[in-house]
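Engineer: Structure supplied as upload-v8.txt; contents: compact mmCIF, C-alpha atoms and all ligand atoms.
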# COMPACT_ATOMS: atom_id res chain seq x y z
CA MET U 1 -26.35 83.00 178.58
CA ARG U 2 -28.53 84.84 176.11
CA THR U 3 -26.55 88.04 176.43
CA ARG U 4 -23.33 86.13 176.02
CA LEU U 5 -24.67 84.52 172.91
CA ARG U 6 -25.76 87.88 171.52
CA LYS U 7 -22.40 89.40 172.27
CA TRP U 8 -20.73 86.51 170.50
CA THR U 9 -22.97 86.94 167.45
CA LEU U 10 -22.22 90.66 167.41
CA PHE U 11 -18.53 89.90 167.69
CA MET U 12 -18.66 87.42 164.83
CA GLY U 13 -20.62 89.92 162.77
CA ALA U 14 -17.99 92.57 163.33
CA ALA U 15 -15.23 90.10 162.52
CA ALA U 16 -16.96 89.18 159.27
CA VAL U 17 -17.27 92.85 158.28
CA LEU U 18 -13.63 93.46 159.10
CA ALA U 19 -12.46 90.33 157.31
CA PHE U 20 -14.46 91.03 154.17
CA PRO U 21 -12.29 93.71 152.55
CA LEU U 22 -9.16 91.62 153.15
CA ALA U 23 -10.81 88.46 151.86
CA SER U 24 -12.15 90.19 148.77
CA ARG U 25 -8.63 91.50 148.11
CA ALA U 26 -7.19 88.03 147.95
CA GLN U 27 -9.92 86.43 145.91
CA LEU U 28 -9.35 87.59 142.37
CA SER U 29 -7.96 84.69 140.38
CA THR U 30 -6.11 84.67 137.09
CA TYR U 31 -9.34 83.40 135.55
CA ASP U 32 -11.40 86.26 136.96
CA ILE U 33 -8.87 88.82 135.76
CA GLN U 34 -8.62 87.18 132.32
CA THR U 35 -12.35 87.86 131.75
CA ARG U 36 -11.47 91.55 131.46
CA ILE U 37 -8.63 91.18 128.95
CA GLY U 38 -10.75 93.16 126.45
CA ALA U 39 -10.24 96.34 128.56
CA GLU U 40 -9.33 99.46 126.58
CA SER U 41 -8.07 102.95 127.32
CA HIS U 42 -8.41 106.17 125.34
CA ILE U 43 -5.59 108.69 125.48
CA GLY U 44 -6.29 111.46 122.96
CA ASN U 45 -6.51 109.62 119.65
CA VAL U 46 -4.58 106.54 120.86
CA THR U 47 -6.55 103.46 121.95
CA GLY U 48 -4.80 101.19 124.43
CA HIS U 49 -5.50 97.43 124.55
CA ALA U 50 -4.93 95.33 127.67
CA LYS U 51 -4.35 92.27 125.47
CA ASP U 52 -1.20 93.88 124.02
CA ALA U 53 0.29 94.89 127.37
CA ALA U 54 1.37 91.53 128.83
CA PRO U 55 4.96 91.74 127.46
CA PRO U 56 5.74 95.32 128.66
CA TYR U 57 4.02 94.60 132.00
CA ARG U 58 6.16 91.49 132.47
CA ARG U 59 9.27 93.40 131.49
CA TYR U 60 8.81 96.65 133.41
CA CYS U 61 6.15 96.34 136.09
CA VAL U 62 5.64 92.78 137.33
CA GLY U 63 8.62 92.80 139.73
CA CYS U 64 6.80 95.35 141.86
CA HIS U 65 3.08 95.11 141.06
CA GLY U 66 3.03 91.28 140.77
CA PRO U 67 1.54 88.86 138.20
CA LEU U 68 -1.98 89.37 139.64
CA GLY U 69 -1.58 93.15 139.95
CA ASP U 70 -2.00 92.87 143.70
CA GLY U 71 1.26 94.67 144.54
CA ASN U 72 2.98 91.45 145.62
CA GLY U 73 5.81 91.47 143.10
CA GLU U 74 9.02 89.73 144.08
CA ASN U 75 10.75 93.05 144.87
CA ALA U 76 7.89 94.36 147.03
CA PRO U 77 9.11 92.91 150.37
CA TYR U 78 12.44 94.70 150.04
CA MET U 79 11.08 98.20 149.55
CA GLN U 80 12.30 100.50 152.29
CA PRO U 81 11.52 102.62 154.18
CA PRO U 82 7.88 101.60 154.74
CA ILE U 83 6.72 105.22 154.40
CA TYR U 84 7.76 104.83 150.75
CA GLN U 85 4.43 103.11 150.08
CA GLN U 86 4.32 99.54 148.77
CA PRO U 87 3.59 98.91 145.07
CA ARG U 88 -0.07 99.52 144.44
CA ASP U 89 -2.65 96.72 144.51
CA PHE U 90 -4.51 97.34 141.23
CA GLN U 91 -7.26 94.87 142.20
CA LEU U 92 -8.58 97.51 144.64
CA GLY U 93 -9.08 100.06 141.87
CA ILE U 94 -8.09 102.93 144.23
CA PHE U 95 -5.81 105.66 142.86
CA LYS U 96 -4.08 108.70 144.27
CA CYS U 97 -3.70 110.95 141.26
CA ARG U 98 -7.11 111.83 139.91
CA SER U 99 -8.76 114.78 138.24
CA THR U 100 -12.04 113.21 139.45
CA PRO U 101 -13.78 113.65 142.83
CA THR U 102 -12.73 111.57 145.83
CA GLY U 103 -14.11 108.03 145.83
CA THR U 104 -14.48 107.87 142.05
CA LEU U 105 -12.33 106.14 139.44
CA PRO U 106 -9.66 108.22 137.66
CA THR U 107 -9.80 108.98 133.94
CA ASP U 108 -7.56 107.05 131.52
CA GLN U 109 -5.54 110.24 131.10
CA ASP U 110 -4.98 110.43 134.90
CA LEU U 111 -3.51 106.91 134.90
CA PHE U 112 -1.45 107.67 131.81
CA ASP U 113 -0.04 110.81 133.46
CA ALA U 114 0.75 108.95 136.72
CA ILE U 115 2.64 106.23 134.82
CA THR U 116 4.48 108.81 132.73
CA ARG U 117 5.39 111.00 135.71
CA GLY U 118 6.30 108.33 138.27
CA PHE U 119 6.10 109.09 141.99
CA ASP U 120 8.73 111.16 143.73
CA ARG U 121 9.34 109.86 147.30
CA SER U 122 8.42 106.30 146.30
CA ASN U 123 9.84 103.42 144.29
CA MET U 124 7.47 104.02 141.39
CA PRO U 125 9.77 105.05 138.49
CA GLN U 126 8.97 107.46 135.70
CA TRP U 127 8.02 105.71 132.41
CA ASN U 128 8.27 108.54 129.91
CA THR U 129 10.70 106.47 127.80
CA LEU U 130 7.95 103.99 126.82
CA SER U 131 6.01 104.86 123.65
CA LYS U 132 2.61 106.49 123.96
CA GLN U 133 1.00 103.30 122.62
CA GLU U 134 2.80 101.12 125.20
CA ARG U 135 1.73 103.42 128.03
CA ALA U 136 -1.88 103.47 126.75
CA ASP U 137 -1.83 99.64 126.60
CA LEU U 138 -0.48 99.55 130.17
CA VAL U 139 -3.31 101.85 131.33
CA ALA U 140 -5.83 99.34 129.92
CA TRP U 141 -3.85 96.53 131.55
CA VAL U 142 -3.90 98.27 134.98
CA LYS U 143 -7.69 98.64 134.59
CA HIS U 144 -8.24 94.96 133.75
CA PHE U 145 -7.14 93.91 137.25
CA SER U 146 -10.15 95.45 139.01
CA PRO U 147 -13.85 94.69 138.51
CA ARG U 148 -14.56 98.31 139.53
CA TRP U 149 -13.93 99.33 135.92
CA VAL U 150 -16.79 97.11 134.77
CA SER U 151 -19.35 98.30 137.33
CA GLU U 152 -18.41 101.99 137.47
CA LYS U 153 -17.49 104.83 135.14
CA PRO U 154 -14.68 107.30 135.94
CA GLY U 155 -15.85 110.41 137.81
CA THR U 156 -16.37 113.74 136.05
CA PRO U 157 -13.16 115.80 136.29
CA ILE U 158 -13.44 118.78 138.65
CA GLN U 159 -13.64 122.25 137.11
CA ILE U 160 -10.60 124.43 137.72
CA PRO U 161 -11.28 128.15 137.20
CA PRO U 162 -8.60 130.17 135.37
CA GLU U 163 -5.63 131.04 137.56
CA PRO U 164 -5.81 134.61 138.90
CA GLU U 165 -2.84 136.98 139.32
CA VAL U 166 -0.83 136.41 142.54
CA THR U 167 -1.19 139.30 144.99
CA ALA U 168 -0.15 139.87 148.60
CA GLU U 169 -3.86 139.85 149.57
CA ARG U 170 -4.34 136.46 147.98
CA ILE U 171 -1.35 134.98 149.78
CA LYS U 172 -2.67 136.30 153.10
CA ALA U 173 -6.13 134.92 152.30
CA GLY U 174 -4.53 131.54 151.50
CA ARG U 175 -2.87 131.57 154.91
CA GLU U 176 -6.32 132.02 156.49
CA VAL U 177 -7.64 129.01 154.56
CA PHE U 178 -4.61 126.90 155.59
CA ALA U 179 -5.41 127.76 159.23
CA ARG U 180 -9.19 127.32 158.95
CA VAL U 181 -9.26 123.88 157.32
CA GLN U 182 -6.29 122.75 159.45
CA CYS U 183 -3.85 121.57 156.85
CA TRP U 184 -1.25 122.17 159.58
CA LYS U 185 -2.52 119.25 161.64
CA CYS U 186 -0.60 116.93 159.34
CA HIS U 187 1.64 119.21 157.28
CA GLY U 188 2.78 121.44 160.17
CA VAL U 189 2.48 125.23 160.43
CA GLN U 190 5.58 125.66 158.24
CA GLY U 191 4.72 122.85 155.81
CA MET U 192 7.45 120.60 157.19
CA ALA U 193 5.23 117.50 157.66
CA ASN U 194 5.50 117.75 161.43
CA GLY U 195 1.99 118.70 162.57
CA PRO U 196 0.46 117.16 165.72
CA SER U 197 -1.12 114.28 163.71
CA ALA U 198 1.91 113.64 161.51
CA SER U 199 3.46 110.75 163.42
CA THR U 200 0.21 108.75 163.61
CA LEU U 201 -0.72 108.74 159.92
CA GLN U 202 -1.50 105.45 158.16
CA ASP U 203 -2.83 104.63 154.72
CA ASP U 204 -6.10 102.70 154.26
CA LEU U 205 -4.22 99.40 154.48
CA GLY U 206 -2.80 100.36 157.88
CA ARG U 207 0.72 101.10 156.69
CA PRO U 208 2.61 104.14 158.02
CA ILE U 209 2.64 107.13 155.69
CA GLN U 210 4.22 110.58 155.84
CA ALA U 211 2.47 113.84 155.03
CA PHE U 212 4.09 115.83 152.22
CA ASN U 213 7.00 118.02 153.30
CA PHE U 214 6.68 121.19 151.24
CA THR U 215 10.11 122.48 152.27
CA ASP U 216 12.60 119.75 151.33
CA GLY U 217 12.53 120.16 147.57
CA SER U 218 10.53 116.99 146.83
CA ARG U 219 7.87 117.07 144.16
CA PRO U 220 4.21 116.21 144.77
CA LYS U 221 3.42 112.74 143.39
CA CYS U 222 0.49 114.00 141.37
CA GLY U 223 2.32 116.81 139.57
CA ASP U 224 3.84 120.14 140.52
CA THR U 225 2.13 122.79 138.40
CA ASP U 226 -0.23 125.22 140.14
CA GLN U 227 -3.17 123.36 138.53
CA ASP U 228 -1.85 120.03 139.84
CA ILE U 229 -1.62 121.38 143.40
CA TYR U 230 -5.14 122.83 143.16
CA ARG U 231 -6.38 119.42 141.98
CA ILE U 232 -4.54 117.52 144.76
CA PHE U 233 -6.37 119.13 147.67
CA MET U 234 -9.72 119.43 145.87
CA THR U 235 -9.80 115.68 144.96
CA GLY U 236 -7.66 114.12 147.71
CA LEU U 237 -5.24 111.20 147.39
CA ASP U 238 -7.59 108.23 147.76
CA GLY U 239 -6.31 105.40 149.91
CA THR U 240 -4.35 107.84 152.10
CA PRO U 241 -5.20 110.23 154.98
CA MET U 242 -4.86 113.16 152.52
CA PRO U 243 -8.54 114.12 152.18
CA SER U 244 -10.50 116.04 149.56
CA PHE U 245 -11.39 119.58 150.63
CA ALA U 246 -13.92 120.14 147.84
CA ASP U 247 -16.68 120.61 150.45
CA ASN U 248 -14.70 123.03 152.63
CA ILE U 249 -12.81 125.25 150.21
CA LYS U 250 -14.46 127.42 147.52
CA PRO U 251 -12.83 127.53 144.08
CA GLU U 252 -11.61 131.18 144.52
CA GLU U 253 -10.16 130.33 147.93
CA ALA U 254 -8.45 127.29 146.46
CA TRP U 255 -6.23 129.48 144.28
CA ASP U 256 -5.31 131.59 147.33
CA LEU U 257 -4.28 128.40 149.10
CA VAL U 258 -2.14 127.25 146.15
CA PHE U 259 -0.28 130.60 146.34
CA TYR U 260 0.22 130.24 150.09
CA LEU U 261 1.57 126.67 149.71
CA ARG U 262 4.14 127.98 147.20
CA THR U 263 5.60 130.19 149.97
CA PHE U 264 6.72 127.00 151.80
CA MET U 265 8.38 125.41 148.81
CA SER U 266 12.14 125.61 148.43
CA GLN U 267 11.87 126.38 144.69
CA LYS U 268 12.13 130.09 143.81
CA SER U 269 8.75 131.76 143.19
CA LYS U 270 6.94 135.06 143.10
CA GLU U 271 4.93 133.88 146.10
CA LYS U 272 8.06 133.21 148.16
CA GLU U 273 9.41 136.69 147.41
CA MET U 274 6.11 138.31 148.38
CA ALA U 275 5.88 136.33 151.63
CA LYS U 276 9.37 137.54 152.56
CA GLN U 277 8.38 141.17 151.94
CA LEU U 278 5.20 140.70 153.98
CA ALA U 279 7.21 139.03 156.77
CA LEU U 280 4.44 136.42 156.98
CA LYS U 281 4.45 134.39 160.18
CA PRO U 282 3.38 130.74 160.39
CA VAL U 283 -0.29 130.29 161.36
CA ASP U 284 -1.06 130.05 165.07
CA PRO U 285 -3.08 126.88 165.79
CA ASN U 286 -4.35 128.43 169.04
CA ALA U 287 -5.65 131.68 167.55
CA PRO U 288 -9.45 132.15 167.75
CA ALA U 289 -11.34 131.55 164.47
CA GLY U 290 -10.76 134.32 161.91
CA GLN U 291 -7.95 135.98 163.90
CA GLN U 292 -4.79 134.70 162.30
C1 LIG U 301 10.34 99.53 141.52
C2 LIG U 301 8.94 99.26 141.77
C3 LIG U 301 7.89 99.67 140.75
C4 LIG U 301 7.89 99.43 139.39
C5 LIG U 301 8.94 98.73 138.55
C6 LIG U 301 6.62 99.95 138.92
N1 LIG U 301 5.91 100.50 139.93
FE1 LIG U 301 4.06 101.36 139.80
N2 LIG U 301 4.11 101.79 141.78
C7 LIG U 301 5.13 101.46 142.62
C8 LIG U 301 4.83 101.96 143.94
C9 LIG U 301 5.70 101.82 145.17
C10 LIG U 301 3.59 102.63 143.85
C11 LIG U 301 2.83 103.33 144.96
C12 LIG U 301 3.38 104.71 145.18
C13 LIG U 301 2.53 105.48 146.15
O1 LIG U 301 1.40 105.08 146.41
O2 LIG U 301 2.99 106.50 146.65
C14 LIG U 301 3.16 102.49 142.46
C15 LIG U 301 1.97 103.02 141.97
C16 LIG U 301 1.52 102.85 140.67
C17 LIG U 301 0.25 103.35 140.16
C18 LIG U 301 -0.79 104.12 140.95
C19 LIG U 301 -1.01 105.54 140.45
C20 LIG U 301 -1.97 106.35 141.31
O3 LIG U 301 -2.37 107.43 140.88
O4 LIG U 301 -2.33 105.94 142.41
C21 LIG U 301 0.17 102.95 138.85
C22 LIG U 301 -0.98 103.18 137.89
C23 LIG U 301 1.39 102.23 138.54
N3 LIG U 301 2.20 102.20 139.67
C24 LIG U 301 1.70 101.67 137.31
C25 LIG U 301 2.91 101.05 136.99
C26 LIG U 301 3.24 100.55 135.68
C27 LIG U 301 2.31 100.55 134.48
C28 LIG U 301 4.51 100.07 135.76
C29 LIG U 301 5.36 99.48 134.66
C30 LIG U 301 5.54 100.29 133.46
C31 LIG U 301 4.97 100.26 137.13
N4 LIG U 301 3.97 100.86 137.84
C32 LIG U 301 6.22 99.87 137.60
C33 LIG U 301 6.28 100.76 142.33
C34 LIG U 301 6.65 100.34 141.07
C1 LIG U 302 -5.10 114.11 158.03
C2 LIG U 302 -3.83 114.54 157.53
C3 LIG U 302 -3.76 115.51 156.40
C4 LIG U 302 -4.40 116.74 156.29
C5 LIG U 302 -5.37 117.38 157.26
C6 LIG U 302 -3.94 117.31 155.05
N1 LIG U 302 -3.06 116.48 154.44
FE1 LIG U 302 -2.09 116.83 152.69
N2 LIG U 302 -1.22 114.99 152.81
C7 LIG U 302 -1.36 114.10 153.83
C8 LIG U 302 -0.60 112.90 153.54
C9 LIG U 302 -0.49 111.67 154.41
C10 LIG U 302 0.02 113.11 152.29
C11 LIG U 302 0.95 112.15 151.55
C12 LIG U 302 0.18 111.22 150.62
C13 LIG U 302 1.12 110.34 149.84
O1 LIG U 302 2.33 110.58 149.80
O2 LIG U 302 0.63 109.40 149.23
C14 LIG U 302 -0.38 114.44 151.86
C15 LIG U 302 0.04 115.03 150.69
C16 LIG U 302 -0.25 116.33 150.30
C17 LIG U 302 0.27 116.98 149.12
C18 LIG U 302 1.20 116.33 148.11
C19 LIG U 302 0.43 115.36 147.24
C20 LIG U 302 1.26 114.63 146.23
O3 LIG U 302 0.83 114.55 145.06
O4 LIG U 302 2.35 114.11 146.56
C21 LIG U 302 -0.24 118.25 149.08
C22 LIG U 302 0.01 119.30 148.03
C23 LIG U 302 -1.08 118.39 150.24
N3 LIG U 302 -1.07 117.20 150.96
C24 LIG U 302 -1.78 119.54 150.57
C25 LIG U 302 -2.65 119.64 151.66
C26 LIG U 302 -3.44 120.82 151.94
C27 LIG U 302 -3.39 122.10 151.13
C28 LIG U 302 -4.18 120.53 153.05
C29 LIG U 302 -5.25 121.40 153.67
C30 LIG U 302 -6.23 121.96 152.76
C31 LIG U 302 -3.84 119.18 153.47
N4 LIG U 302 -2.90 118.68 152.60
C32 LIG U 302 -4.35 118.54 154.57
C33 LIG U 302 -2.12 114.28 154.97
C34 LIG U 302 -2.93 115.36 155.23
For this file, produce the structure as structure tokens.
Ligand code: HEC
Ligand code: HEC

Structural biologist:
Amino acid sequence: MRTRLRKWTLFMGAAAVLAFPLASRAQLSTYDIQTRIGAESHIGNVTGHAKDAAPPYRRYCVGCHGPLGDGNGENAPYMQPPIYQQPRDFQLGIFKCRSTPTGTLPTDQDLFDAITRGFDRSNMPQWNTLSKQERADLVAWVKHFSPRWVSEKPGTPIQIPPEPEVTAERIKAGREVFARVQCWKCHGVQGMANGPSASTLQDDLGRPIQAFNFTDGSRPKCGDTDQDIYRIFMTGLDGTPMPSFADNIKPEEAWDLVFYLRTFMSQKSKEKEMAKQLALKPVDPNAPAGQQ
């Protein structure tokens, strides 16, 4: 009887731990959110004010992100396919496109850039037609939904060393990094999003998600310059299985990897030309360490 009781207590304990994140998601009330209406953002010399953003939010964003910013807008249930990620729940304060280390809050500029850019391969449109002031106000408005912005500061942006010249050696070195840290497990040896783990991937809310396919012409959500790609794998896309590799890849190696990733992409590039001349083969997942 005692063991049964203990097992039951353990079970209840586990259930409480599991239930907590879901419960805390649903708990923020209009009142709670309203306490943060003073939230601001700073984009260069423009200051955004959450209190001014209610009209543009209602006009442009509420249908997807919902009145409470929890991603339950009236259009949300109709978004297909499911791998196209549901509108974000801003109450969680978790963001994909950051210049800051994994687990930390993004900068105001990161949010501004994400709103401006929109997300390819998702229903999140591009908002570059809104004025800079409106977008800055919306950044402050997005922040006011989550108490994380009161208790935490944004992380310190990662340092990106100057971009070196592309060389054949660097592309080959990037291929070694791709093999060593096993990007292929999800992205596939040819970058086609068909690695052995690809079909099982889920985001942190348990929804199916696809790894990025480098070869089909789509653009990364968090920007498509070389610097953006560097930042993506050194900070990770929080809330998704795409991790940060800041602890596994050195800054010099990171540039090599950016060059190697370019060889997969359908867009014309110096890297693609060089890979053709080198007759580079896809990495071999079964090769012993260091013998690609
Ligand atoms: C048609 C639906 C739709 C509309 C309208 C929309 N969004 Fe989104 N938004 C999304 C979806 C879907 C995502 C999640 C995409 C993903 O995670 O890949 C998202 C994600 C975001 C993110 C997260 C960025 C990050 O780095 O993680 C922000 C911020 C955001 N939206 C702001 C806005 C603002 C501000 C507006 C209004 C100007 C807006 N959205 C309008 C669908 C929409
Ligand atoms: C455990 C699986 C997994 C591994 C390992 C992984 N990725 Fe990803 N990656 C993903 C998923 C899932 C996405 C899509 C995230 C999304 O669309 O929100 C992604 C997206 C990306 C993107 C596009 C991001 C964007 O802004 O749209 C790049 C670039 C990328 N990964 C590079 C890499 C590199 C380089 C490595 C190895 C250093 C790597 N990934 C390892 C799962 C993984």

Engineer: Would you mind listing the residues within 7 Å of ligand LIG 301 (chain U), counting only C-alpha atoms and all ligand atoms, as a ChimeraX atom specification?

Structural biologist: /U:56-57,60-65,84-88,94-98,111,114-115,119,122-125,127,138-139,142

Engineer: Of the residues U:Ala168, U:Ile209, U:Pro241, U:Asp120, which is the one nearest to Gln277 (chain U), using all atoms listed in the file?

Structural biologist: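 Closest candidate: U:Ala168.
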
Engineer: Around ligand LIG 302 (chain U), which protein and nucleic acid residues have at least one atom no more than 6 Å from it, if we count all atoms listed in the file? List them as a ChimeraX atom specification.

Structural biologist: /U:178,181-183,185-186,209-212,220-222,229,232-233,240-242

Engineer: Using only C-alpha atoms, find the one residue out of U:Glu152, U:Asp216, U:Glu134, U:Glu40 that sits nearest to Gly191 (chain U).

Structural biologist: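 Among the listed residues, U:Asp216 lies closest to Gly191 (chain U).
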
Engineer: What is the distance between CA of Ile37 (chain U) and CA of Asp113 (chain U), in Å to one decimal?

Structural biologist: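 A separation of 21.9 Å between them.
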
Engineer: When you draw a straight line from CA of Thr100 (chain U) to CA of Arg231 (chain U), how long is it in Å?

Structural biologist: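 Straight-line distance from CA of Thr100 (chain U) to CA of Arg231 (chain U) works out to 8.8 Å.
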
Engineer: Nearest to Ala53 (chain U): which of U:Thr30, U:Gln133, U:Asn72, U:Gln159 is it, counting all atoms listed in the file?

Structural biologist: U:Gln133

Engineer: For a quick check of understanding, using only C-alpha atoms, which of U:Gly103, U:Pro67, U:Pro285, U:Gly217 has the smallest distance to Gln267 (chain U)?

Structural biologist: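 Ranking U:Gly103, U:Pro67, U:Pro285, U:Gly217 by distance to Gln267 (chain U), first place goes to U:Gly217.
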
Engineer: In Å, how far is it from CA of Glu163 (chain U) to CA of Leu261 (chain U)?

Structural biologist: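 Interatomic distance, CA of Glu163 (chain U) to CA of Leu261 (chain U): 14.8 Å.
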
Engineer: Give me the residues within 10 Å of Phe90 (chain U) as a PyMOL selection string, counting all atoms listed in the file and dropping any in the same chain fewer than 4 places off.

Structural biologist: chain U and resi 25+65-66+68-71+94-95+141-146

Engineer: Those same residues - C-alpha atoms - I'd like them written as a PDB file, keeping the file's coordinate frame.

Structural biologist:
ATOM      1  CA  ARG U  25      -8.630  91.500 148.110  1.00  0.00           C
ATOM      2  CA  HIS U  65       3.080  95.110 141.060  1.00  0.00           C
ATOM      3  CA  GLY U  66       3.030  91.280 140.770  1.00  0.00           C
ATOM      4  CA  LEU U  68      -1.980  89.370 139.640  1.00  0.00           C
ATOM      5  CA  GLY U  69      -1.580  93.150 139.950  1.00  0.00           C
ATOM      6  CA  ASP U  70      -2.000  92.870 143.700  1.00  0.00           C
ATOM      7  CA  GLY U  71       1.260  94.670 144.540  1.00  0.00           C
ATOM      8  CA  ILE U  94      -8.090 102.930 144.230  1.00  0.00           C
ATOM      9  CA  PHE U  95      -5.810 105.660 142.860  1.00  0.00           C
ATOM     10  CA  TRP U 141      -3.850  96.530 131.550  1.00  0.00           C
ATOM     11  CA  VAL U 142      -3.900  98.270 134.980  1.00  0.00           C
ATOM     12  CA  LYS U 143      -7.690  98.640 134.590  1.00  0.00           C
ATOM     13  CA  HIS U 144      -8.240  94.960 133.750  1.00  0.00           C
ATOM     14  CA  PHE U 145      -7.140  93.910 137.250  1.00  0.00           C
ATOM     15  CA  SER U 146     -10.150  95.450 139.010  1.00  0.00           C
TER      16      SER U 146
END

Engineer: Using only C-alpha atoms, find the one residue out of U:Gly48, U:Thr116, U:Lys270, U:Asp256 that sits nearest to Thr129 (chain U).

Structural biologist: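 Answer, going by the shortest atom-to-atom distance: U:Thr116.
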
Engineer: Using all atoms listed in the file, can you tell me which of U:Asp228, U:Leu105, U:Leu257, U:Thr215 comes closest to Asn194 (chain U)?

Structural biologist: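 Smallest distance to Asn194 (chain U) is found for U:Thr215.
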